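A.B. asks: Just target_27.cif, nothing more (mmCIF, C-alpha atoms and all ligand atoms):
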```cif
data_start
#
loop_
_atom_site.group_PDB
_atom_site.id
_atom_site.type_symbol
_atom_site.label_atom_id
_atom_site.label_comp_id
_atom_site.auth_asym_id
_atom_site.auth_seq_id
_atom_site.Cartn_x
_atom_site.Cartn_y
_atom_site.Cartn_z
ATOM 1 C CA MET A 1 84.161 111.736 121.534
ATOM 2 C CA ALA A 2 82.398 114.822 120.218
ATOM 3 C CA LEU A 3 84.782 117.576 119.199
ATOM 4 C CA LYS A 4 84.732 121.256 119.998
ATOM 5 C CA ILE A 5 84.916 123.180 116.752
ATOM 6 C CA TRP A 6 85.966 126.791 116.349
ATOM 7 C CA LEU A 7 83.280 128.487 114.289
ATOM 8 C CA ASP A 8 83.636 132.161 113.479
ATOM 9 C CA THR A 9 84.092 133.707 116.945
ATOM 10 C CA GLY A 10 84.319 130.812 119.375
ATOM 11 C CA LEU A 11 84.038 127.127 120.187
ATOM 12 C CA VAL A 12 80.823 125.196 119.602
ATOM 13 C CA ASP A 13 79.877 121.537 119.947
ATOM 14 C CA GLU A 14 80.499 119.445 116.851
ATOM 15 C CA LYS A 15 76.748 119.046 116.226
ATOM 16 C CA GLU A 16 76.270 122.817 116.318
ATOM 17 C CA ALA A 17 79.096 123.417 113.832
ATOM 18 C CA ARG A 18 77.042 124.079 110.707
ATOM 19 C CA ILE A 19 77.619 126.205 107.621
ATOM 20 C CA SER A 20 74.995 127.757 105.383
ATOM 21 C CA VAL A 21 74.264 126.235 101.979
ATOM 22 C CA PHE A 22 74.735 129.781 100.660
ATOM 23 C CA ASP A 23 78.373 129.901 101.793
ATOM 24 C CA HIS A 24 80.497 130.460 98.703
ATOM 25 C CA GLY A 25 83.014 128.024 100.140
ATOM 26 C CA LEU A 26 80.456 125.337 99.291
ATOM 27 C CA LEU A 27 78.892 126.940 96.222
ATOM 28 C CA TYR A 28 82.188 127.723 94.444
ATOM 29 C CA GLY A 29 85.049 126.282 96.476
ATOM 30 C CA ASP A 30 85.768 129.918 97.261
ATOM 31 C CA GLY A 31 88.018 129.918 100.291
ATOM 32 C CA VAL A 32 91.397 128.895 101.658
ATOM 33 C CA PHE A 33 92.658 126.330 104.128
ATOM 34 C CA GLU A 34 95.618 124.873 105.965
ATOM 35 C CA GLY A 35 96.358 121.363 107.236
ATOM 36 C CA ILE A 36 98.597 121.540 110.285
ATOM 37 C CA ARG A 37 100.139 118.863 112.535
ATOM 38 C CA VAL A 38 100.242 118.814 116.288
ATOM 39 C CA TYR A 39 103.136 116.915 117.832
ATOM 40 C CA ARG A 40 103.029 116.288 121.584
ATOM 41 C CA GLY A 41 100.584 119.124 122.106
ATOM 42 C CA LYS A 42 102.645 121.652 120.149
ATOM 43 C CA VAL A 43 101.321 123.066 116.890
ATOM 44 C CA PHE A 44 103.965 122.460 114.219
ATOM 45 C CA GLU A 45 105.233 125.527 112.294
ATOM 46 C CA LEU A 46 102.081 127.466 113.139
ATOM 47 C CA GLU A 47 103.521 130.841 112.179
ATOM 48 C CA ALA A 48 104.411 129.596 108.694
ATOM 49 C CA HIS A 49 100.935 128.098 108.219
ATOM 50 C CA ILE A 50 99.223 131.323 109.336
ATOM 51 C CA ARG A 51 101.434 133.342 106.979
ATOM 52 C CA ARG A 52 100.631 131.056 104.041
ATOM 53 C CA LEU A 53 96.896 131.192 104.820
ATOM 54 C CA PHE A 54 96.928 134.999 104.814
ATOM 55 C CA GLU A 55 98.904 135.088 101.569
ATOM 56 C CA SER A 56 96.519 132.639 99.884
ATOM 57 C CA ALA A 57 93.605 134.803 101.047
ATOM 58 C CA ARG A 58 95.280 137.980 99.811
ATOM 59 C CA ALA A 59 95.752 136.451 96.360
ATOM 60 C CA LEU A 60 92.005 135.695 96.260
ATOM 61 C CA ARG A 61 91.016 139.095 97.723
ATOM 62 C CA LEU A 62 89.482 137.255 100.635
ATOM 63 C CA THR A 63 89.531 139.177 103.907
ATOM 64 C CA ILE A 64 90.180 136.960 106.913
ATOM 65 C CA PRO A 65 88.006 138.440 109.679
ATOM 66 C CA MET A 66 90.718 138.007 112.326
ATOM 67 C CA THR A 67 94.286 139.182 112.785
ATOM 68 C CA LYS A 68 97.191 136.751 112.546
ATOM 69 C CA GLU A 69 97.501 136.969 116.328
ATOM 70 C CA THR A 70 93.850 136.274 117.150
ATOM 71 C CA LEU A 71 93.743 133.451 114.607
ATOM 72 C CA THR A 72 96.889 131.933 116.130
ATOM 73 C CA ASP A 73 95.254 132.108 119.564
ATOM 74 C CA ALA A 74 92.069 130.522 118.202
ATOM 75 C CA VAL A 75 94.084 127.581 116.809
ATOM 76 C CA GLU A 76 95.850 127.082 120.151
ATOM 77 C CA THR A 77 92.528 127.357 122.024
ATOM 78 C CA THR A 78 90.918 124.727 119.777
ATOM 79 C CA VAL A 79 93.840 122.328 120.228
ATOM 80 C CA ARG A 80 93.662 122.666 124.023
ATOM 81 C CA ALA A 81 89.857 122.370 124.153
ATOM 82 C CA ASN A 82 90.104 119.022 122.358
ATOM 83 C CA ASN A 83 93.112 117.742 124.319
ATOM 84 C CA VAL A 84 95.013 117.037 121.128
ATOM 85 C CA GLY A 85 98.422 115.503 121.779
ATOM 86 C CA ASP A 86 99.424 114.148 118.396
ATOM 87 C CA GLY A 87 96.929 115.215 115.805
ATOM 88 C CA TYR A 88 95.860 117.322 112.936
ATOM 89 C CA ILE A 89 94.252 120.721 112.515
ATOM 90 C CA ARG A 90 92.137 121.785 109.568
ATOM 91 C CA LEU A 91 91.910 125.570 109.440
ATOM 92 C CA ILE A 92 89.439 126.884 106.881
ATOM 93 C CA VAL A 93 88.346 130.364 105.867
ATOM 94 C CA THR A 94 85.413 130.445 103.469
ATOM 95 C CA ARG A 95 84.243 133.458 101.491
ATOM 96 C CA GLY A 96 81.077 133.421 103.586
ATOM 97 C CA VAL A 97 77.366 133.611 102.924
ATOM 98 C CA GLY A 98 76.297 135.395 99.755
ATOM 99 C CA THR A 99 73.737 135.252 97.002
ATOM 100 C CA LEU A 100 73.725 132.689 94.192
ATOM 101 C CA GLY A 101 76.117 133.964 91.569
ATOM 102 C CA LEU A 102 79.895 134.139 91.474
ATOM 103 C CA ASN A 103 80.298 137.674 92.799
ATOM 104 C CA PRO A 104 82.339 137.236 95.981
ATOM 105 C CA PHE A 105 81.574 140.770 97.116
ATOM 106 C CA THR A 106 77.991 139.797 97.959
ATOM 107 C CA CYS A 107 79.497 137.822 100.847
ATOM 108 C CA GLU A 108 79.607 140.044 103.870
ATOM 109 C CA LYS A 109 82.110 138.188 106.009
ATOM 110 C CA GLY A 110 84.341 135.136 105.733
ATOM 111 C CA ASN A 111 83.706 132.171 108.024
ATOM 112 C CA VAL A 112 86.546 130.741 110.101
ATOM 113 C CA ILE A 113 86.434 127.032 110.951
ATOM 114 C CA ILE A 114 89.041 125.228 113.015
ATOM 115 C CA ILE A 115 88.908 121.468 113.532
ATOM 116 C CA ALA A 116 91.462 119.741 115.759
ATOM 117 C CA ASP A 117 91.298 115.977 115.465
ATOM 118 C CA THR A 118 93.359 112.828 115.060
ATOM 119 C CA ILE A 119 95.072 112.146 111.757
ATOM 120 C CA GLN A 120 94.737 109.300 109.290
ATOM 121 C CA LEU A 121 98.296 108.229 108.511
ATOM 122 C CA TYR A 122 99.742 106.039 105.792
ATOM 123 C CA PRO A 123 100.470 102.526 107.159
ATOM 124 C CA GLN A 124 103.958 102.137 108.663
ATOM 125 C CA GLU A 125 104.754 99.472 106.068
ATOM 126 C CA LEU A 126 104.528 102.066 103.322
ATOM 127 C CA TYR A 127 107.273 104.110 105.014
ATOM 128 C CA GLU A 128 109.504 101.085 105.363
ATOM 129 C CA LYS A 129 109.027 99.616 101.896
ATOM 130 C CA GLY A 130 108.377 102.844 100.035
ATOM 131 C CA MET A 131 105.434 103.681 97.805
ATOM 132 C CA LYS A 132 104.710 103.291 94.144
ATOM 133 C CA VAL A 133 103.481 106.263 92.147
ATOM 134 C CA ILE A 134 102.445 107.072 88.611
ATOM 135 C CA SER A 135 102.772 110.144 86.427
ATOM 136 C CA ALA A 136 99.393 111.869 86.199
ATOM 137 C CA THR A 137 98.127 112.973 82.795
ATOM 138 C CA THR A 138 96.227 115.782 84.554
ATOM 139 C CA VAL A 139 98.439 118.867 84.234
ATOM 140 C CA ARG A 140 98.997 121.059 87.299
ATOM 141 C CA ASN A 141 97.115 124.373 87.351
ATOM 142 C CA HIS A 142 98.593 126.991 85.064
ATOM 143 C CA PRO A 143 99.963 129.908 87.128
ATOM 144 C CA LEU A 144 97.647 132.266 85.242
ATOM 145 C CA ALA A 145 94.639 130.086 86.104
ATOM 146 C CA LEU A 146 94.562 129.325 89.817
ATOM 147 C CA PRO A 147 98.087 130.042 91.116
ATOM 148 C CA PRO A 148 99.441 126.752 92.525
ATOM 149 C CA GLN A 149 100.793 128.540 95.614
ATOM 150 C CA VAL A 150 97.243 129.354 96.697
ATOM 151 C CA LYS A 151 95.960 126.672 99.060
ATOM 152 C CA SER A 152 92.350 127.147 98.061
ATOM 153 C CA LEU A 153 89.231 125.107 98.703
ATOM 154 C CA ASN A 154 89.239 124.138 95.026
ATOM 155 C CA TYR A 155 91.373 121.004 94.868
ATOM 156 C CA LEU A 156 89.788 119.499 91.785
ATOM 157 C CA ASN A 157 92.991 119.738 89.769
ATOM 158 C CA ASN A 158 94.781 117.569 92.318
ATOM 159 C CA ILE A 159 91.769 115.350 92.933
ATOM 160 C CA LEU A 160 91.682 114.406 89.230
ATOM 161 C CA ALA A 161 95.321 113.337 89.498
ATOM 162 C CA LYS A 162 94.606 111.440 92.728
ATOM 163 C CA ILE A 163 91.834 109.527 90.932
ATOM 164 C CA GLU A 164 94.369 108.523 88.265
ATOM 165 C CA ALA A 165 96.653 107.187 91.007
ATOM 166 C CA LEU A 166 93.889 105.228 92.713
ATOM 167 C CA ASP A 167 92.664 103.822 89.382
ATOM 168 C CA ASN A 168 96.196 102.465 88.966
ATOM 169 C CA ASP A 169 96.246 100.994 92.490
ATOM 170 C CA VAL A 170 98.933 103.353 93.784
ATOM 171 C CA PRO A 171 98.463 105.964 96.529
ATOM 172 C CA GLU A 172 99.976 108.979 94.792
ATOM 173 C CA ALA A 173 100.555 110.603 91.423
ATOM 174 C CA ILE A 174 103.244 113.007 90.260
ATOM 175 C CA MET A 175 101.827 116.061 88.530
ATOM 176 C CA TYR A 176 103.673 117.928 85.789
ATOM 177 C CA ASN A 177 103.128 121.513 84.743
ATOM 178 C CA HIS A 178 101.982 122.811 81.353
ATOM 179 C CA GLU A 179 105.617 122.778 80.159
ATOM 180 C CA GLY A 180 106.177 119.169 81.164
ATOM 181 C CA TYR A 181 108.292 119.840 84.241
ATOM 182 C CA VAL A 182 107.679 118.106 87.561
ATOM 183 C CA ALA A 183 105.398 120.184 89.799
ATOM 184 C CA GLU A 184 104.446 118.112 92.829
ATOM 185 C CA ALA A 185 102.356 115.179 94.018
ATOM 186 C CA THR A 186 98.622 115.658 94.707
ATOM 187 C CA GLY A 187 99.149 116.709 98.321
ATOM 188 C CA ASP A 188 102.903 116.544 98.768
ATOM 189 C CA ASN A 189 106.070 118.117 97.384
ATOM 190 C CA VAL A 190 108.631 116.108 95.420
ATOM 191 C CA PHE A 191 112.387 115.678 95.909
ATOM 192 C CA LEU A 192 114.903 113.426 94.190
ATOM 193 C CA VAL A 193 118.463 112.401 94.960
ATOM 194 C CA LYS A 194 121.091 111.869 92.271
ATOM 195 C CA ASN A 195 124.774 111.290 93.055
ATOM 196 C CA SER A 196 124.132 112.365 96.665
ATOM 197 C CA VAL A 197 122.758 115.779 95.603
ATOM 198 C CA VAL A 198 119.166 116.586 96.587
ATOM 199 C CA TYR A 199 117.048 118.168 93.846
ATOM 200 C CA ALA A 200 113.654 119.831 94.144
ATOM 201 C CA PRO A 201 111.510 121.515 91.528
ATOM 202 C CA PRO A 202 111.359 125.283 92.100
ATOM 203 C CA VAL A 203 108.019 126.498 93.439
ATOM 204 C CA GLU A 204 107.483 128.322 90.121
ATOM 205 C CA ALA A 205 107.205 124.915 88.446
ATOM 206 C CA GLY A 206 103.729 124.771 89.972
ATOM 207 C CA SER A 207 103.776 123.526 93.515
ATOM 208 C CA LEU A 208 102.441 124.695 96.783
ATOM 209 C CA GLU A 209 105.291 126.166 98.810
ATOM 210 C CA GLY A 210 105.260 123.307 101.284
ATOM 211 C CA ILE A 211 106.081 123.954 104.899
ATOM 212 C CA THR A 212 107.430 120.420 105.296
ATOM 213 C CA ARG A 213 109.495 121.031 102.150
ATOM 214 C CA ALA A 214 111.076 124.123 103.728
ATOM 215 C CA VAL A 215 111.848 122.289 106.981
ATOM 216 C CA VAL A 216 113.358 119.316 105.120
ATOM 217 C CA MET A 217 115.532 121.670 103.057
ATOM 218 C CA ARG A 218 116.830 123.327 106.220
ATOM 219 C CA LEU A 219 117.533 119.956 107.834
ATOM 220 C CA ALA A 220 119.257 118.649 104.691
ATOM 221 C CA ARG A 221 121.521 121.697 104.489
ATOM 222 C CA ARG A 222 122.438 121.246 108.119
ATOM 223 C CA GLU A 223 123.499 117.696 107.295
ATOM 224 C CA GLY A 224 125.852 119.160 104.718
ATOM 225 C CA LEU A 225 123.787 117.982 101.747
ATOM 226 C CA ASP A 226 123.727 120.051 98.575
ATOM 227 C CA ILE A 227 120.230 121.105 97.554
ATOM 228 C CA VAL A 228 119.535 122.268 94.039
ATOM 229 C CA GLU A 229 116.204 123.752 92.981
ATOM 230 C CA LYS A 230 115.799 123.264 89.264
ATOM 231 C CA ASN A 231 113.253 122.132 86.741
ATOM 232 C CA LEU A 232 112.992 118.344 86.661
ATOM 233 C CA THR A 233 111.528 116.132 83.963
ATOM 234 C CA ARG A 234 109.887 112.741 83.982
ATOM 235 C CA TYR A 235 113.211 111.350 82.739
ATOM 236 C CA ASP A 236 114.973 112.743 85.827
ATOM 237 C CA LEU A 237 112.519 110.828 88.006
ATOM 238 C CA TYR A 238 113.106 107.614 86.025
ATOM 239 C CA VAL A 239 116.898 107.691 86.435
ATOM 240 C CA CYS A 240 117.337 109.148 89.931
ATOM 241 C CA ASP A 241 118.842 107.256 92.875
ATOM 242 C CA GLU A 242 116.110 108.186 95.374
ATOM 243 C CA LEU A 243 112.730 109.844 95.194
ATOM 244 C CA PHE A 244 110.710 111.079 98.142
ATOM 245 C CA LEU A 245 107.673 113.174 98.982
ATOM 246 C CA THR A 246 107.156 115.662 101.802
ATOM 247 C CA GLY A 247 103.952 116.998 103.294
ATOM 248 C CA THR A 248 102.115 117.709 106.508
ATOM 249 C CA ALA A 249 100.323 114.361 106.495
ATOM 250 C CA ALA A 250 103.016 112.125 104.967
ATOM 251 C CA GLU A 251 106.036 113.909 106.562
ATOM 252 C CA VAL A 252 108.862 112.325 104.530
ATOM 253 C CA ILE A 253 108.046 109.189 102.525
ATOM 254 C CA GLY A 254 110.182 107.292 100.039
ATOM 255 C CA VAL A 255 109.032 106.392 96.538
ATOM 256 C CA VAL A 256 110.466 103.185 95.069
ATOM 257 C CA GLN A 257 108.656 102.875 91.756
ATOM 258 C CA ILE A 258 107.242 105.284 89.165
ATOM 259 C CA ASP A 259 105.321 104.309 86.034
ATOM 260 C CA GLY A 260 106.569 100.736 86.481
ATOM 261 C CA ARG A 261 110.248 101.767 86.627
ATOM 262 C CA VAL A 262 112.144 100.784 89.764
ATOM 263 C CA ILE A 263 113.945 103.702 91.432
ATOM 264 C CA GLY A 264 117.522 103.045 92.555
ATOM 265 C CA ASP A 265 117.680 99.540 93.983
ATOM 266 C CA GLY A 266 113.957 99.499 94.776
ATOM 267 C CA THR A 267 114.322 100.226 98.484
ATOM 268 C CA VAL A 268 113.977 103.479 100.421
ATOM 269 C CA GLY A 269 117.401 105.085 100.004
ATOM 270 C CA PRO A 270 119.832 106.286 102.697
ATOM 271 C CA ILE A 271 119.292 110.048 102.231
ATOM 272 C CA THR A 272 115.518 109.621 102.375
ATOM 273 C CA ARG A 273 115.890 107.586 105.568
ATOM 274 C CA LEU A 274 118.228 110.170 107.095
ATOM 275 C CA LEU A 275 115.887 113.057 106.317
ATOM 276 C CA ARG A 276 112.853 111.177 107.585
ATOM 277 C CA GLU A 277 114.683 110.492 110.856
ATOM 278 C CA LYS A 278 115.867 114.113 111.156
ATOM 279 C CA PHE A 279 112.366 115.359 110.427
ATOM 280 C CA PHE A 280 110.889 113.089 113.088
ATOM 281 C CA ARG A 281 113.391 114.315 115.666
ATOM 282 C CA TYR A 282 112.771 117.954 114.769
ATOM 283 C CA ALA A 283 108.979 117.571 114.858
ATOM 284 C CA HIS A 284 109.188 115.933 118.283
ATOM 285 C CA GLY A 285 111.350 118.732 119.632
ATOM 286 C CA LYS A 286 114.533 116.678 119.839
ATOM 287 C CA GLU A 287 116.393 118.705 117.280
ATOM 288 C CA GLN A 288 116.586 122.271 115.987
ATOM 289 C CA ALA A 289 116.314 123.288 112.357
HETATM 290 N N1 LIG B 301 101.250 120.315 97.680
HETATM 291 C C1 LIG B 301 99.926 120.376 97.856
HETATM 292 C C2 LIG B 301 99.048 120.543 96.687
HETATM 293 C C3 LIG B 301 99.396 120.283 99.139
HETATM 294 O O1 LIG B 301 98.078 120.344 99.334
HETATM 295 C C4 LIG B 301 101.643 120.058 100.005
HETATM 296 C C5 LIG B 301 102.099 120.169 98.711
HETATM 297 C C6 LIG B 301 102.625 119.938 101.123
HETATM 298 O O2 LIG B 301 102.644 121.137 101.887
HETATM 299 P P1 LIG B 301 102.903 121.136 103.442
HETATM 300 O O3 LIG B 301 102.857 122.582 103.811
HETATM 301 O O4 LIG B 301 101.821 120.319 104.077
HETATM 302 O O5 LIG B 301 104.230 120.551 103.677
HETATM 303 C C7 LIG B 301 100.262 120.123 100.242
HETATM 304 C C8 LIG B 301 99.711 120.009 101.611
HETATM 305 C C9 LIG B 301 95.093 116.341 103.259
HETATM 306 C C10 LIG B 301 96.237 117.236 103.483
HETATM 307 O O6 LIG B 301 94.240 116.249 104.146
HETATM 308 C C11 LIG B 301 96.877 117.836 102.428
HETATM 309 C C12 LIG B 301 97.936 118.690 102.683
HETATM 310 C C13 LIG B 301 98.331 118.928 103.954
HETATM 311 C C14 LIG B 301 97.684 118.319 104.984
HETATM 312 C C15 LIG B 301 96.626 117.463 104.758
HETATM 313 O O7 LIG B 301 95.033 115.738 102.184
HETATM 314 N N2 LIG B 301 98.529 119.251 101.619
#
```
Written as structure tokens, that's how I'd like the structure from this file.

C.D. replies:
Amino acid sequence: MALKIWLDTGLVDEKEARISVFDHGLLYGDGVFEGIRVYRGKVFELEAHIRRLFESARALRLTIPMTKETLTDAVETTVRANNVGDGYIRLIVTRGVGTLGLNPFTCEKGNVIIIADTIQLYPQELYEKGMKVISATTVRNHPLALPPQVKSLNYLNNILAKIEALDNDVPEAIMYNHEGYVAEATGDNVFLVKNSVVYAPPVEAGSLEGITRAVVMRLARREGLDIVEKNLTRYDLYVCDELFLTGTAAEVIGVVQIDGRVIGDGTVGPITRLLREKFFRYAHGKEQA
């Protein structure tokens, strides 16, 4: 079925949803985006996603040509127009149409694109058995290069790490920062469990400040789990009891092997299972966080 796409000021048919070849989003990856889930018709953590989008844009001196309120309404309108029950939203703001040349100030106005569609999920088996990952050799963006908290249209840093994973026949790679500390996976945040304590790298280690990460932390605290944010090394990942990833697409997924080392007993551990279950219940409105 053809989708209705939000383009700039309103909905258009999918085939009419076109962007100029002079848009700096295409020419330079100059823009920001969000990936957002819809569960049972309700947009998940929309306020947090809108806030992060505006902060990413601010860091890039990109003016979003809508207010937070009108953009929120546009997202809701697009979801309803496409009858999305369980699905996925891609919200994009490009720098807009300009001349050839890097100067972003030749672009008069940013373009807003909202796509509400179904989502491609990892197979259920991967959640039950857990996934294998590798350590990427590609280092996460230095904070003085492209700040890792900015969810920009330039994902090449993470794409290079993803290619390493796929070349090694695993779905994901762990990225480390320029100091050798764990940053994140290519599109997910990282947690580990050791002696029943949950550890996460601090955002300053070079990750996106994940919205799923924040929800999982809240849920874990409510379960009485201790959560410690501290720098983690590759060694910490090798000797932990449980390892899991969080993200909009993956939700909570266990990792059972890294760089050929088996984690814990090689199955998805009890705290990972608990948090996945709690997350599912929260996302489907059966639980508060
Ligand atoms: N790190 C990075 C680099 C990400 O891109 C996350 C962590 C997790 O953040 P959230 O807020 O989602 O919990 C992301 C999110 C996709 C896709 O299509 C990627 C993300 C989200 C949704 C879809 O690959 N990345």

A.B. asks: For the provided coordinates, the residues matched by the PyMOL selection byres (((not hetatm)) within 7 of (chain B and resi 301)) should be stated as a PDB file with C-alpha atoms, keeping the file's coordinate frame.

C.D. replies:
```pdb
ATOM      1  CA  GLU A  34      95.618 124.873 105.965  1.00  0.00           C
ATOM      2  CA  GLY A  35      96.358 121.363 107.236  1.00  0.00           C
ATOM      3  CA  ILE A  36      98.597 121.540 110.285  1.00  0.00           C
ATOM      4  CA  LYS A 151      95.960 126.672  99.060  1.00  0.00           C
ATOM      5  CA  ASN A 158      94.781 117.569  92.318  1.00  0.00           C
ATOM      6  CA  GLU A 184     104.446 118.112  92.829  1.00  0.00           C
ATOM      7  CA  ALA A 185     102.356 115.179  94.018  1.00  0.00           C
ATOM      8  CA  THR A 186      98.622 115.658  94.707  1.00  0.00           C
ATOM      9  CA  GLY A 187      99.149 116.709  98.321  1.00  0.00           C
ATOM     10  CA  ASP A 188     102.903 116.544  98.768  1.00  0.00           C
ATOM     11  CA  ASN A 189     106.070 118.117  97.384  1.00  0.00           C
ATOM     12  CA  SER A 207     103.776 123.526  93.515  1.00  0.00           C
ATOM     13  CA  LEU A 208     102.441 124.695  96.783  1.00  0.00           C
ATOM     14  CA  GLU A 209     105.291 126.166  98.810  1.00  0.00           C
ATOM     15  CA  GLY A 210     105.260 123.307 101.284  1.00  0.00           C
ATOM     16  CA  ILE A 211     106.081 123.954 104.899  1.00  0.00           C
ATOM     17  CA  THR A 212     107.430 120.420 105.296  1.00  0.00           C
ATOM     18  CA  ARG A 213     109.495 121.031 102.150  1.00  0.00           C
ATOM     19  CA  THR A 246     107.156 115.662 101.802  1.00  0.00           C
ATOM     20  CA  GLY A 247     103.952 116.998 103.294  1.00  0.00           C
ATOM     21  CA  THR A 248     102.115 117.709 106.508  1.00  0.00           C
ATOM     22  CA  ALA A 249     100.323 114.361 106.495  1.00  0.00           C
TER      23      ALA A 249
END
```

A.B. asks: Kindly resolve the PyMOL selection byres (((chain A and resi 68) around 12) and not hetatm) on the present coordinates and return the residues as a PDB file with C-alpha atoms, in the coordinates of the input.

C.D. replies:
```
ATOM      1  CA  LEU A  46     102.081 127.466 113.139  1.00  0.00           C
ATOM      2  CA  GLU A  47     103.521 130.841 112.179  1.00  0.00           C
ATOM      3  CA  ALA A  48     104.411 129.596 108.694  1.00  0.00           C
ATOM      4  CA  HIS A  49     100.935 128.098 108.219  1.00  0.00           C
ATOM      5  CA  ILE A  50      99.223 131.323 109.336  1.00  0.00           C
ATOM      6  CA  ARG A  51     101.434 133.342 106.979  1.00  0.00           C
ATOM      7  CA  ARG A  52     100.631 131.056 104.041  1.00  0.00           C
ATOM      8  CA  LEU A  53      96.896 131.192 104.820  1.00  0.00           C
ATOM      9  CA  PHE A  54      96.928 134.999 104.814  1.00  0.00           C
ATOM     10  CA  GLU A  55      98.904 135.088 101.569  1.00  0.00           C
ATOM     11  CA  THR A  63      89.531 139.177 103.907  1.00  0.00           C
ATOM     12  CA  ILE A  64      90.180 136.960 106.913  1.00  0.00           C
ATOM     13  CA  PRO A  65      88.006 138.440 109.679  1.00  0.00           C
ATOM     14  CA  MET A  66      90.718 138.007 112.326  1.00  0.00           C
ATOM     15  CA  THR A  67      94.286 139.182 112.785  1.00  0.00           C
ATOM     16  CA  GLU A  69      97.501 136.969 116.328  1.00  0.00           C
ATOM     17  CA  THR A  70      93.850 136.274 117.150  1.00  0.00           C
ATOM     18  CA  LEU A  71      93.743 133.451 114.607  1.00  0.00           C
ATOM     19  CA  THR A  72      96.889 131.933 116.130  1.00  0.00           C
ATOM     20  CA  ASP A  73      95.254 132.108 119.564  1.00  0.00           C
ATOM     21  CA  ALA A  74      92.069 130.522 118.202  1.00  0.00           C
ATOM     22  CA  VAL A  75      94.084 127.581 116.809  1.00  0.00           C
TER      23      VAL A  75
END
```

A.B. asks: Compute the distance from (76.5, 120.8, 120.4) to each atom, counting all atoms listed in the file, keep the residues with any atom at most 9 Å away, and return them as an mmCIF file with C-alpha atoms, keeping the file's coordinate frame; use the coordinates of the file.

C.D. replies:
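Produced file out_24.cif, reproduced below:
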```
data_model
loop_
_atom_site.group_PDB
_atom_site.id
_atom_site.type_symbol
_atom_site.label_atom_id
_atom_site.label_comp_id
_atom_site.auth_asym_id
_atom_site.auth_seq_id
_atom_site.Cartn_x
_atom_site.Cartn_y
_atom_site.Cartn_z
ATOM 1 C CA ALA A 2 82.398 114.822 120.218
ATOM 2 C CA LEU A 3 84.782 117.576 119.199
ATOM 3 C CA LYS A 4 84.732 121.256 119.998
ATOM 4 C CA VAL A 12 80.823 125.196 119.602
ATOM 5 C CA ASP A 13 79.877 121.537 119.947
ATOM 6 C CA GLU A 14 80.499 119.445 116.851
ATOM 7 C CA LYS A 15 76.748 119.046 116.226
ATOM 8 C CA GLU A 16 76.270 122.817 116.318
ATOM 9 C CA ALA A 17 79.096 123.417 113.832
#
```

A.B. asks: Take the PyMOL selection byres (((chain A and resi 227) around 7) and not hetatm), apply it to the structure above, and return the hits as a PyMOL selection string.

C.D. replies: chain A and resi 197-199+225-226+228-229

A.B. asks: Give me, as a PyMOL selection string, all polymer residues having an atom no more than 12 Å from His142 of chain A, counting only C-alpha atoms and skipping those fewer than 4 positions away in the same chain.

C.D. replies: chain A and resi 138+146-150+157+175-180+183+204-207

A.B. asks: Just checking: using all atoms listed in the file, which residue out of A:Phe44, A:Phe244, A:Tyr235, A:Trp6 ends up closest to Asn82 of chain A?

C.D. replies: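 For Asn82 of chain A, the nearest of the candidates is A:Trp6.
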
A.B. asks: Between A:Glu251, A:Asp167, A:Asp259, A:Asp265, single out the one closest to Val133 of chain A, counting only C-alpha atoms.

C.D. replies: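 Closest residue, counting only C-alpha atoms: A:Asp259.
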
A.B. asks: Atom CA of Val193 of chain A to atom CA of Leu275 of chain A: how many Å, to one decimal?

C.D. replies: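 Pair atom CA of Val193 of chain A / atom CA of Leu275 of chain A returns 11.7 Å.
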
A.B. asks: What's the separation between atom CA of Ala214 of chain A and atom CA of Val182 of chain A, in Å to one decimal place?

C.D. replies: 17.6 Å

A.B. asks: Around all the atoms of segment 221-227 of chain A listed in the file, with 5 Å of room on each side, what axis-aligned box do you get, giving centre and edge lengths in Å to one decimal, as lines of an AutoDock Vina configuration file?

C.D. replies:
```
center_x = 123.0
center_y = 119.7
center_z = 102.8
size_x = 15.6
size_y = 14.0
size_z = 20.6
```

A.B. asks: Nearest to Asn195 of chain A among A:Val239, A:Ile119, A:Ile5, A:Val216, with distances taken over only C-alpha atoms: which residue is it?

C.D. replies: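 Of A:Val239, A:Ile119, A:Ile5, A:Val216, the one nearest Asn195 of chain A, counting only C-alpha atoms, is A:Val239.
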
A.B. asks: Extract, using all atoms listed in the file, all DNA, RNA and protein residues at most 10 Å from Gly96 of chain A, discarding same-chain residues fewer than 3 positions from it, and format them as a PyMOL selection string.

C.D. replies: chain A and resi 19-20+22-26+30-31+62+93+104-112

A.B. asks: Using only C-alpha atoms, pick whichever of A:Lys194, A:Lys230, A:Lys132, A:Arg261 has the shortest atom-to-atom distance to Ala173 of chain A.

C.D. replies: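 Smallest distance to Ala173 of chain A is found for A:Lys132.
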
A.B. asks: Suppose you want the space between atom CA of Ile113 of chain A and atom CA of Ile89 of chain A; what is it in Å?

C.D. replies: 10.2 Å

A.B. asks: Which residue gives the smallest distance to Ala57 of chain A among A:Leu153, A:Val256, A:Leu126, A:Val268, with all atoms listed in the file counted?

C.D. replies: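 When distances to Ala57 of chain A are compared using all atoms listed in the file, the smallest one comes from A:Leu153.
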
A.B. asks: Find the residue from A:Ser196, A:Gln120, A:Asn83, A:Asn154 that sits nearest to Leu27 of chain A; use only C-alpha atoms when measuring.

C.D. replies: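 Distance minimum relative to Leu27 of chain A lands on A:Asn154.
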
A.B. asks: Which residues of segment 104-216 of chain A sit at most 12 Å from segment 39-42 of chain A, using only C-alpha atoms? Give each one's shortest atom pair and distance in Å (one decimal place), in chain and ascending residue order, as a Markdown table.

C.D. replies:
```
| residue | atom | partner | partner_atom | distance |
| --- | --- | --- | --- | --- |
| A:Ala116 | CA | A:Gly41 | CA | 11.1 |
| A:Asp117 | CA | A:Gly41 | CA | 11.8 |
| A:Thr118 | CA | A:Tyr39 | CA | 11.0 |
| A:Ile119 | CA | A:Tyr39 | CA | 11.2 |
```
